[in-house]
Amino acid sequence: MSIIVTNLSKSYGKQKALDNLSFEIKSGQITGLLGPNGAGKSTLMKIITGSLLPDEGLMEVNGVNVADHPLKVQKILGYLPEHNPQYLELYVKEYLAYVASLYKVEKSAIDRVIEQTVLGPEKHKKIGALSKGYRQRVGLAAALIPDPDVLILDEPTTGLDPAQLIEIRALLKNIASDKTVLFSTHIMQEVVELCSSCIFLEGGELKQVLTETEIQKGSKHLEEIFAK
């Protein structure tokens, strides 16, 4: 297994964000994370990345306890947060070089991720001059710099127009061919097109884990489950 979650709970004061979650995500598959706003999706992703500690329970990534060894996990993990923070005054290649220096990886990684995310024509532009779709590509490129085994993406397609959605979905399919990917979304069609499993959260609780067979019944079927 790539990600194993065991009896995981997290509270913010009296508000329980995650309540005794347990599930597993297999290596080399794309898993969707669904749930209404406030379901605990972002909190779960932050705990997986080691940027937030749980109150109880165990989070393991590739056999490593995240709470005990967060830096070890972060070396094998790429993360694109929901709001995709970037230095807008930097040029694309300049920003990716900065990220590469933080990870202490070879400079060749910069050209690799630019090719992976099809950023070549934009690499000498300032990030602030890019469309939202291309800024998301830059965020993905930064997450891919360490060539991670696991990729965590928090609503990577929010706010994109239909053409940008198609581009980013194709990009994710290509990237995920040799990685474990967990991404949150509110778009059911995205789950149908990309995912081999899907996790439903509500009120911090695990409501359902869907297999690929269930997912392929279509977005309407997923919407009915979501509505229930």
# chains A, B, ... in the order shown; residues from 1 in each chain; ligands from 1

call {"tool": "residues_around", "arguments": {"residues": "Lys75 (chain A)", "least_positions_apart": "6", "cutoff": "12 Å", "atoms": "only C-alpha atoms", "output": "list in words"}}
result
Thr49, Gly50, Val61, Asn62, Val64, Val66, His69, Ala100, Leu102, Tyr103, Lys104, Val105, Ala143, Leu144, Ile145, Pro146, Asp147, Pro148, Asp149, Val150 and Leu151 of chain A

call {"tool": "write_last_selection", "arguments": {"atoms": "C-alpha atoms", "output": "PDB file, in the first residue's frame"}}
result
ATOM      1  CA  THR A  49       2.008  15.831   3.807  1.00  0.00           C
ATOM      2  CA  GLY A  50       3.198  16.231   7.399  1.00  0.00           C
ATOM      3  CA  VAL A  61       3.119   6.891   3.370  1.00  0.00           C
ATOM      4  CA  ASN A  62       5.128   4.118   1.700  1.00  0.00           C
ATOM      5  CA  VAL A  64       6.831   5.624   6.826  1.00  0.00           C
ATOM      6  CA  VAL A  66       4.366  10.701   8.826  1.00  0.00           C
ATOM      7  CA  HIS A  69       9.416  11.226  10.045  1.00  0.00           C
ATOM      8  CA  ALA A 100      14.682  22.708  -6.935  1.00  0.00           C
ATOM      9  CA  LEU A 102      14.898  23.766  -1.646  1.00  0.00           C
ATOM     10  CA  TYR A 103      14.670  20.077  -2.490  1.00  0.00           C
ATOM     11  CA  LYS A 104      18.434  19.966  -3.258  1.00  0.00           C
ATOM     12  CA  VAL A 105      17.836  18.142  -6.553  1.00  0.00           C
ATOM     13  CA  ALA A 143       5.139  19.525  -6.919  1.00  0.00           C
ATOM     14  CA  LEU A 144       6.885  17.252  -9.433  1.00  0.00           C
ATOM     15  CA  ILE A 145      10.391  18.694  -8.885  1.00  0.00           C
ATOM     16  CA  PRO A 146      11.483  15.924  -6.443  1.00  0.00           C
ATOM     17  CA  ASP A 147      10.027  13.252  -8.793  1.00  0.00           C
ATOM     18  CA  PRO A 148       7.720  12.099  -5.979  1.00  0.00           C
ATOM     19  CA  ASP A 149       6.236   8.635  -5.564  1.00  0.00           C
ATOM     20  CA  VAL A 150       3.058  10.199  -4.167  1.00  0.00           C
ATOM     21  CA  LEU A 151       1.259  13.301  -5.433  1.00  0.00           C
TER      22      LEU A 151
END

call {"tool": "select_by_dssp", "arguments": {"residues": "region 8-124 of chain A", "states": "strand (DSSP E)", "output": "PyMOL selection string"}}
result
chain A and resi 8-12+15-25+30-34+56-61+64-65+77-80

call {"tool": "select_by_dssp", "arguments": {"residues": "region 4-215 of chain A", "states": "helix (DSSP H, G or I)", "output": "number ranges by chain"}}
result
A: 41-49, 70-74, 92-103, 108-116, 120-122, 127-129, 132-144, 162-178, 188-194, 212-215

call {"tool": "write_last_selection", "arguments": {"atoms": "C-alpha atoms", "output": "PDB file, in the first residue's frame"}}
result
ATOM      1  CA  LYS A  41     -10.562  16.953   2.767  1.00  0.00           C
ATOM      2  CA  SER A  42      -7.918  19.675   3.104  1.00  0.00           C
ATOM      3  CA  THR A  43      -7.173  18.687   6.714  1.00  0.00           C
ATOM      4  CA  LEU A  44      -6.605  15.092   5.610  1.00  0.00           C
ATOM      5  CA  MET A  45      -4.233  16.204   2.836  1.00  0.00           C
ATOM      6  CA  LYS A  46      -2.255  18.419   5.212  1.00  0.00           C
ATOM      7  CA  ILE A  47      -1.805  15.485   7.597  1.00  0.00           C
ATOM      8  CA  ILE A  48      -0.621  13.250   4.749  1.00  0.00           C
ATOM      9  CA  THR A  49       2.008  15.831   3.807  1.00  0.00           C
ATOM     10  CA  PRO A  70       7.710  14.155   8.220  1.00  0.00           C
ATOM     11  CA  LEU A  71      10.858  15.250   6.353  1.00  0.00           C
ATOM     12  CA  LYS A  72      11.470  11.719   5.071  1.00  0.00           C
ATOM     13  CA  VAL A  73       7.918  11.592   3.733  1.00  0.00           C
ATOM     14  CA  GLN A  74       8.165  15.061   2.179  1.00  0.00           C
ATOM     15  CA  VAL A  92       8.554  30.444 -14.371  1.00  0.00           C
ATOM     16  CA  LYS A  93      11.978  28.876 -14.771  1.00  0.00           C
ATOM     17  CA  GLU A  94      13.401  31.076 -12.018  1.00  0.00           C
ATOM     18  CA  TYR A  95      10.682  29.949  -9.608  1.00  0.00           C
ATOM     19  CA  LEU A  96      11.196  26.265 -10.452  1.00  0.00           C
ATOM     20  CA  ALA A  97      14.942  26.686  -9.931  1.00  0.00           C
ATOM     21  CA  TYR A  98      14.193  28.091  -6.486  1.00  0.00           C
ATOM     22  CA  VAL A  99      11.969  25.072  -5.670  1.00  0.00           C
ATOM     23  CA  ALA A 100      14.682  22.708  -6.935  1.00  0.00           C
ATOM     24  CA  SER A 101      17.202  24.375  -4.624  1.00  0.00           C
ATOM     25  CA  LEU A 102      14.898  23.766  -1.646  1.00  0.00           C
ATOM     26  CA  TYR A 103      14.670  20.077  -2.490  1.00  0.00           C
ATOM     27  CA  SER A 108      18.041  18.788 -14.782  1.00  0.00           C
ATOM     28  CA  ALA A 109      14.810  18.359 -12.772  1.00  0.00           C
ATOM     29  CA  ILE A 110      13.753  21.846 -13.905  1.00  0.00           C
ATOM     30  CA  ASP A 111      13.792  20.942 -17.600  1.00  0.00           C
ATOM     31  CA  ARG A 112      12.128  17.594 -16.800  1.00  0.00           C
ATOM     32  CA  VAL A 113       9.090  19.154 -15.110  1.00  0.00           C
ATOM     33  CA  ILE A 114       8.806  21.911 -17.725  1.00  0.00           C
ATOM     34  CA  GLU A 115       8.540  19.182 -20.361  1.00  0.00           C
ATOM     35  CA  GLN A 116       6.116  17.110 -18.246  1.00  0.00           C
ATOM     36  CA  GLY A 120       8.181  25.345 -22.500  1.00  0.00           C
ATOM     37  CA  PRO A 121       6.576  28.332 -24.294  1.00  0.00           C
ATOM     38  CA  GLU A 122       5.869  30.026 -20.938  1.00  0.00           C
ATOM     39  CA  ILE A 127       4.105  33.842 -13.193  1.00  0.00           C
ATOM     40  CA  GLY A 128       1.897  36.881 -12.602  1.00  0.00           C
ATOM     41  CA  ALA A 129       1.418  37.237 -16.369  1.00  0.00           C
ATOM     42  CA  LYS A 132      -4.916  30.514 -14.115  1.00  0.00           C
ATOM     43  CA  GLY A 133      -4.555  27.312 -16.124  1.00  0.00           C
ATOM     44  CA  TYR A 134      -0.853  27.922 -16.652  1.00  0.00           C
ATOM     45  CA  ARG A 135      -0.368  28.910 -13.010  1.00  0.00           C
ATOM     46  CA  GLN A 136      -1.825  25.515 -12.087  1.00  0.00           C
ATOM     47  CA  ARG A 137       0.720  23.928 -14.422  1.00  0.00           C
ATOM     48  CA  VAL A 138       3.480  25.810 -12.611  1.00  0.00           C
ATOM     49  CA  GLY A 139       2.121  24.510  -9.296  1.00  0.00           C
ATOM     50  CA  LEU A 140       2.108  20.965 -10.656  1.00  0.00           C
ATOM     51  CA  ALA A 141       5.627  21.415 -11.985  1.00  0.00           C
ATOM     52  CA  ALA A 142       6.801  22.557  -8.541  1.00  0.00           C
ATOM     53  CA  ALA A 143       5.139  19.525  -6.919  1.00  0.00           C
ATOM     54  CA  LEU A 144       6.885  17.252  -9.433  1.00  0.00           C
ATOM     55  CA  PRO A 162     -13.506  24.030 -20.013  1.00  0.00           C
ATOM     56  CA  ALA A 163     -10.437  24.101 -22.285  1.00  0.00           C
ATOM     57  CA  GLN A 164      -8.098  24.383 -19.294  1.00  0.00           C
ATOM     58  CA  LEU A 165      -9.955  21.534 -17.563  1.00  0.00           C
ATOM     59  CA  ILE A 166      -9.316  19.222 -20.509  1.00  0.00           C
ATOM     60  CA  GLU A 167      -5.639  20.184 -20.573  1.00  0.00           C
ATOM     61  CA  ILE A 168      -5.085  19.646 -16.840  1.00  0.00           C
ATOM     62  CA  ARG A 169      -6.952  16.305 -16.848  1.00  0.00           C
ATOM     63  CA  ALA A 170      -4.797  15.052 -19.726  1.00  0.00           C
ATOM     64  CA  LEU A 171      -1.737  16.260 -17.855  1.00  0.00           C
ATOM     65  CA  LEU A 172      -2.767  14.394 -14.692  1.00  0.00           C
ATOM     66  CA  LYS A 173      -3.321  11.175 -16.638  1.00  0.00           C
ATOM     67  CA  ASN A 174       0.155  11.452 -18.112  1.00  0.00           C
ATOM     68  CA  ILE A 175       1.820  12.328 -14.807  1.00  0.00           C
ATOM     69  CA  ALA A 176       0.039   9.573 -12.881  1.00  0.00           C
ATOM     70  CA  SER A 177       1.267   6.727 -15.038  1.00  0.00           C
ATOM     71  CA  ASP A 178       3.961   5.839 -12.465  1.00  0.00           C
ATOM     72  CA  MET A 188     -17.934  14.114 -10.661  1.00  0.00           C
ATOM     73  CA  GLN A 189     -16.944  13.781 -14.333  1.00  0.00           C
ATOM     74  CA  GLU A 190     -13.351  14.327 -13.294  1.00  0.00           C
ATOM     75  CA  VAL A 191     -13.556  11.297 -11.000  1.00  0.00           C
ATOM     76  CA  VAL A 192     -15.096   9.181 -13.767  1.00  0.00           C
ATOM     77  CA  GLU A 193     -12.376  10.136 -16.267  1.00  0.00           C
ATOM     78  CA  LEU A 194      -9.364   9.887 -13.975  1.00  0.00           C
ATOM     79  CA  GLU A 212     -13.462   1.535 -10.268  1.00  0.00           C
ATOM     80  CA  THR A 213     -16.521  -0.578 -11.148  1.00  0.00           C
ATOM     81  CA  GLU A 214     -18.772   1.769  -9.162  1.00  0.00           C
ATOM     82  CA  ILE A 215     -17.074   4.877 -10.567  1.00  0.00           C
TER      83      ILE A 215
END

call {"tool": "residues_around", "arguments": {"residues": "Lys10 (chain A)", "least_positions_apart": "6", "cutoff": "12 Å", "atoms": "only C-alpha atoms", "output": "PyMOL selection string"}}
result
chain A and resi 16-21+40-44+46-47+52-59+203-205

call {"tool": "write_last_selection", "arguments": {"atoms": "N, CA and C atoms", "output": "PDB file, in the first residue's frame"}}
result
ATOM      1  N   LYS A  16     -14.683  18.931  15.266  1.00  0.00           N
ATOM      2  CA  LYS A  16     -13.983  17.724  14.834  1.00  0.00           C
ATOM      3  C   LYS A  16     -13.875  17.735  13.314  1.00  0.00           C
ATOM      4  N   ALA A  17     -12.662  17.876  12.817  1.00  0.00           N
ATOM      5  CA  ALA A  17     -12.446  17.934  11.367  1.00  0.00           C
ATOM      6  C   ALA A  17     -12.367  16.541  10.755  1.00  0.00           C
ATOM      7  N   LEU A  18     -11.747  15.597  11.460  1.00  0.00           N
ATOM      8  CA  LEU A  18     -11.650  14.205  11.021  1.00  0.00           C
ATOM      9  C   LEU A  18     -12.009  13.309  12.197  1.00  0.00           C
ATOM     10  N   ASP A  19     -12.803  12.285  11.933  1.00  0.00           N
ATOM     11  CA  ASP A  19     -13.318  11.453  13.017  1.00  0.00           C
ATOM     12  C   ASP A  19     -13.055   9.974  12.752  1.00  0.00           C
ATOM     13  N   ASN A  20     -11.950   9.473  13.295  1.00  0.00           N
ATOM     14  CA  ASN A  20     -11.638   8.038  13.286  1.00  0.00           C
ATOM     15  C   ASN A  20     -11.625   7.441  11.869  1.00  0.00           C
ATOM     16  N   LEU A  21     -10.875   8.076  10.970  1.00  0.00           N
ATOM     17  CA  LEU A  21     -10.781   7.593   9.589  1.00  0.00           C
ATOM     18  C   LEU A  21      -9.827   6.410   9.484  1.00  0.00           C
ATOM     19  N   GLY A  40     -13.495  17.866   5.595  1.00  0.00           N
ATOM     20  CA  GLY A  40     -12.213  17.453   6.161  1.00  0.00           C
ATOM     21  C   GLY A  40     -11.170  17.087   5.116  1.00  0.00           C
ATOM     22  N   LYS A  41     -11.461  17.361   3.845  1.00  0.00           N
ATOM     23  CA  LYS A  41     -10.562  16.953   2.767  1.00  0.00           C
ATOM     24  C   LYS A  41      -9.193  17.627   2.878  1.00  0.00           C
ATOM     25  N   SER A  42      -9.189  18.951   3.021  1.00  0.00           N
ATOM     26  CA  SER A  42      -7.918  19.675   3.104  1.00  0.00           C
ATOM     27  C   SER A  42      -7.141  19.304   4.357  1.00  0.00           C
ATOM     28  N   THR A  43      -7.839  19.104   5.475  1.00  0.00           N
ATOM     29  CA  THR A  43      -7.173  18.687   6.714  1.00  0.00           C
ATOM     30  C   THR A  43      -6.489  17.339   6.517  1.00  0.00           C
ATOM     31  N   LEU A  44      -7.185  16.407   5.875  1.00  0.00           N
ATOM     32  CA  LEU A  44      -6.605  15.092   5.610  1.00  0.00           C
ATOM     33  C   LEU A  44      -5.341  15.215   4.769  1.00  0.00           C
ATOM     34  N   LYS A  46      -3.332  17.781   4.446  1.00  0.00           N
ATOM     35  CA  LYS A  46      -2.255  18.419   5.212  1.00  0.00           C
ATOM     36  C   LYS A  46      -1.594  17.425   6.160  1.00  0.00           C
ATOM     37  N   ILE A  47      -2.376  16.504   6.715  1.00  0.00           N
ATOM     38  CA  ILE A  47      -1.805  15.485   7.597  1.00  0.00           C
ATOM     39  C   ILE A  47      -0.952  14.498   6.794  1.00  0.00           C
ATOM     40  N   LEU A  52       0.571  19.090   9.124  1.00  0.00           N
ATOM     41  CA  LEU A  52      -0.370  19.158  10.237  1.00  0.00           C
ATOM     42  C   LEU A  52      -0.347  17.809  10.946  1.00  0.00           C
ATOM     43  N   LEU A  53      -0.339  17.827  12.276  1.00  0.00           N
ATOM     44  CA  LEU A  53      -0.311  16.593  13.051  1.00  0.00           C
ATOM     45  C   LEU A  53      -1.722  16.178  13.464  1.00  0.00           C
ATOM     46  N   PRO A  54      -2.024  14.877  13.438  1.00  0.00           N
ATOM     47  CA  PRO A  54      -3.326  14.420  13.919  1.00  0.00           C
ATOM     48  C   PRO A  54      -3.362  14.422  15.447  1.00  0.00           C
ATOM     49  N   ASP A  55      -4.564  14.419  16.004  1.00  0.00           N
ATOM     50  CA  ASP A  55      -4.716  14.276  17.451  1.00  0.00           C
ATOM     51  C   ASP A  55      -4.572  12.810  17.860  1.00  0.00           C
ATOM     52  N   GLU A  56      -5.090  11.937  17.007  1.00  0.00           N
ATOM     53  CA  GLU A  56      -5.026  10.504  17.271  1.00  0.00           C
ATOM     54  C   GLU A  56      -4.865   9.767  15.947  1.00  0.00           C
ATOM     55  N   GLY A  57      -4.381   8.529  16.039  1.00  0.00           N
ATOM     56  CA  GLY A  57      -4.309   7.678  14.865  1.00  0.00           C
ATOM     57  C   GLY A  57      -2.976   7.713  14.160  1.00  0.00           C
ATOM     58  N   LEU A  58      -2.904   6.959  13.059  1.00  0.00           N
ATOM     59  CA  LEU A  58      -1.652   6.735  12.342  1.00  0.00           C
ATOM     60  C   LEU A  58      -1.820   7.053  10.858  1.00  0.00           C
ATOM     61  N   MET A  59      -0.855   7.793  10.317  1.00  0.00           N
ATOM     62  CA  MET A  59      -0.771   8.059   8.881  1.00  0.00           C
ATOM     63  C   MET A  59       0.562   7.545   8.377  1.00  0.00           C
ATOM     64  N   GLY A 203     -18.540  15.545   7.103  1.00  0.00           N
ATOM     65  CA  GLY A 203     -18.441  15.866   8.514  1.00  0.00           C
ATOM     66  C   GLY A 203     -17.250  15.214   9.187  1.00  0.00           C
ATOM     67  N   GLY A 204     -16.177  15.021   8.433  1.00  0.00           N
ATOM     68  CA  GLY A 204     -14.975  14.413   8.981  1.00  0.00           C
ATOM     69  C   GLY A 204     -15.005  12.896   9.064  1.00  0.00           C
ATOM     70  N   GLU A 205     -16.106  12.294   8.631  1.00  0.00           N
ATOM     71  CA  GLU A 205     -16.237  10.841   8.696  1.00  0.00           C
ATOM     72  C   GLU A 205     -16.125  10.220   7.299  1.00  0.00           C
TER      73      GLU A 205
END

call {"tool": "closest_residue", "arguments": {"among": "A:Ile25, A:Ala227, A:Ser131, A:Ile3", "to": "Asp161 (chain A)", "atoms": "only C-alpha atoms"}}
result
A:Ser131

call {"tool": "residues_around", "arguments": {"residues": "Ile152 (chain A)", "least_positions_apart": "3", "cutoff": "7 Å", "atoms": "only C-alpha atoms", "output": "list in words"}}
result
Met45, Gly78, Tyr79, Leu80, Val181, Leu182 and Phe183 of chain A

call {"tool": "write_last_selection", "arguments": {"atoms": "N, CA and C atoms", "output": "short mmCIF file (atom, residue, chain, number, x, y, z; two decimals), in the first residue's frame"}}
result
data_model
loop_
_atom_site.label_atom_id
_atom_site.label_comp_id
_atom_site.auth_asym_id
_atom_site.auth_seq_id
_atom_site.Cartn_x
_atom_site.Cartn_y
_atom_site.Cartn_z
N MET A 45 -5.38 16.04 3.72
CA MET A 45 -4.23 16.20 2.84
C MET A 45 -3.05 16.83 3.58
N GLY A 78 4.86 14.98 -3.43
CA GLY A 78 4.62 16.29 -4.02
C GLY A 78 3.25 16.79 -3.63
N TYR A 79 3.13 18.09 -3.37
CA TYR A 79 1.87 18.64 -2.85
C TYR A 79 1.51 19.93 -3.57
N LEU A 80 0.29 19.99 -4.08
CA LEU A 80 -0.25 21.22 -4.66
C LEU A 80 -1.44 21.65 -3.81
N VAL A 181 -1.61 9.05 -6.89
CA VAL A 181 -2.17 10.40 -6.88
C VAL A 181 -3.46 10.41 -6.05
N LEU A 182 -3.55 11.37 -5.13
CA LEU A 182 -4.79 11.63 -4.41
C LEU A 182 -5.17 13.08 -4.68
N PHE A 183 -6.37 13.30 -5.21
CA PHE A 183 -6.78 14.67 -5.47
C PHE A 183 -8.23 14.89 -5.06
#

call {"tool": "atom_distance", "arguments": {"atom1": "CA of Ile199 (chain A)", "atom2": "CA of Gly35 (chain A)"}}
result
8.4 Å

call {"tool": "closest_residue", "arguments": {"among": "A:Ser2, A:Gln15, A:Ser51, A:Gln208", "to": "Leu222 (chain A)", "atoms": "only C-alpha atoms"}}
result
A:Gln208

call {"tool": "decode", "arguments": {"residues": "region 51-126 of chain A", "atoms": "C-alpha atoms", "output": "CSV table (one decimal), in the first residue's frame"}}
result
chain,number,residue,atom,x,y,z
A,51,SER,CA,2.3,19.9,7.6
A,52,LEU,CA,-0.4,19.2,10.2
A,53,LEU,CA,-0.3,16.6,13.1
A,54,PRO,CA,-3.3,14.4,13.9
A,55,ASP,CA,-4.7,14.3,17.5
A,56,GLU,CA,-5.0,10.5,17.3
A,57,GLY,CA,-4.3,7.7,14.9
A,58,LEU,CA,-1.7,6.7,12.3
A,59,MET,CA,-0.8,8.1,8.9
A,60,GLU,CA,1.7,6.1,6.8
A,61,VAL,CA,3.1,6.9,3.4
A,62,ASN,CA,5.1,4.1,1.7
A,63,GLY,CA,5.6,2.5,5.1
A,64,VAL,CA,6.8,5.6,6.8
A,65,ASN,CA,5.0,7.1,9.8
A,66,VAL,CA,4.4,10.7,8.8
A,67,ALA,CA,4.2,12.0,12.4
A,68,ASP,CA,7.6,10.5,13.3
A,69,HIS,CA,9.4,11.2,10.0
A,70,PRO,CA,7.7,14.2,8.2
A,71,LEU,CA,10.9,15.2,6.4
A,72,LYS,CA,11.5,11.7,5.1
A,73,VAL,CA,7.9,11.6,3.7
A,74,GLN,CA,8.2,15.1,2.2
A,75,LYS,CA,11.1,13.9,0.1
A,76,ILE,CA,9.0,11.3,-1.7
A,77,LEU,CA,5.8,13.4,-1.8
A,78,GLY,CA,4.6,16.3,-4.0
A,79,TYR,CA,1.9,18.6,-2.9
A,80,LEU,CA,-0.3,21.2,-4.7
A,81,PRO,CA,-2.4,23.1,-2.1
A,82,GLU,CA,-5.8,24.5,-3.0
A,83,HIS,CA,-4.7,28.1,-3.3
A,84,ASN,CA,-1.4,27.3,-5.1
A,85,PRO,CA,0.8,30.0,-3.5
A,86,GLN,CA,3.5,31.3,-5.8
A,87,TYR,CA,5.9,34.3,-6.2
A,88,LEU,CA,4.1,36.1,-9.0
A,89,GLU,CA,7.1,38.4,-9.7
A,90,LEU,CA,9.4,35.5,-10.5
A,91,TYR,CA,9.8,34.0,-14.0
A,92,VAL,CA,8.6,30.4,-14.4
A,93,LYS,CA,12.0,28.9,-14.8
A,94,GLU,CA,13.4,31.1,-12.0
A,95,TYR,CA,10.7,29.9,-9.6
A,96,LEU,CA,11.2,26.3,-10.5
A,97,ALA,CA,14.9,26.7,-9.9
A,98,TYR,CA,14.2,28.1,-6.5
A,99,VAL,CA,12.0,25.1,-5.7
A,100,ALA,CA,14.7,22.7,-6.9
A,101,SER,CA,17.2,24.4,-4.6
A,102,LEU,CA,14.9,23.8,-1.6
A,103,TYR,CA,14.7,20.1,-2.5
A,104,LYS,CA,18.4,20.0,-3.3
A,105,VAL,CA,17.8,18.1,-6.6
A,106,GLU,CA,19.8,18.3,-9.8
A,107,LYS,CA,19.1,21.3,-12.1
A,108,SER,CA,18.0,18.8,-14.8
A,109,ALA,CA,14.8,18.4,-12.8
A,110,ILE,CA,13.8,21.8,-13.9
A,111,ASP,CA,13.8,20.9,-17.6
A,112,ARG,CA,12.1,17.6,-16.8
A,113,VAL,CA,9.1,19.2,-15.1
A,114,ILE,CA,8.8,21.9,-17.7
A,115,GLU,CA,8.5,19.2,-20.4
A,116,GLN,CA,6.1,17.1,-18.2
A,117,THR,CA,3.7,20.0,-17.7
A,118,VAL,CA,4.2,21.5,-21.2
A,119,LEU,CA,5.5,24.8,-19.9
A,120,GLY,CA,8.2,25.3,-22.5
A,121,PRO,CA,6.6,28.3,-24.3
A,122,GLU,CA,5.9,30.0,-20.9
A,123,LYS,CA,9.1,29.4,-19.0
A,124,HIS,CA,10.5,32.8,-19.6
A,125,LYS,CA,7.3,34.6,-18.6
A,126,LYS,CA,6.6,36.0,-15.1
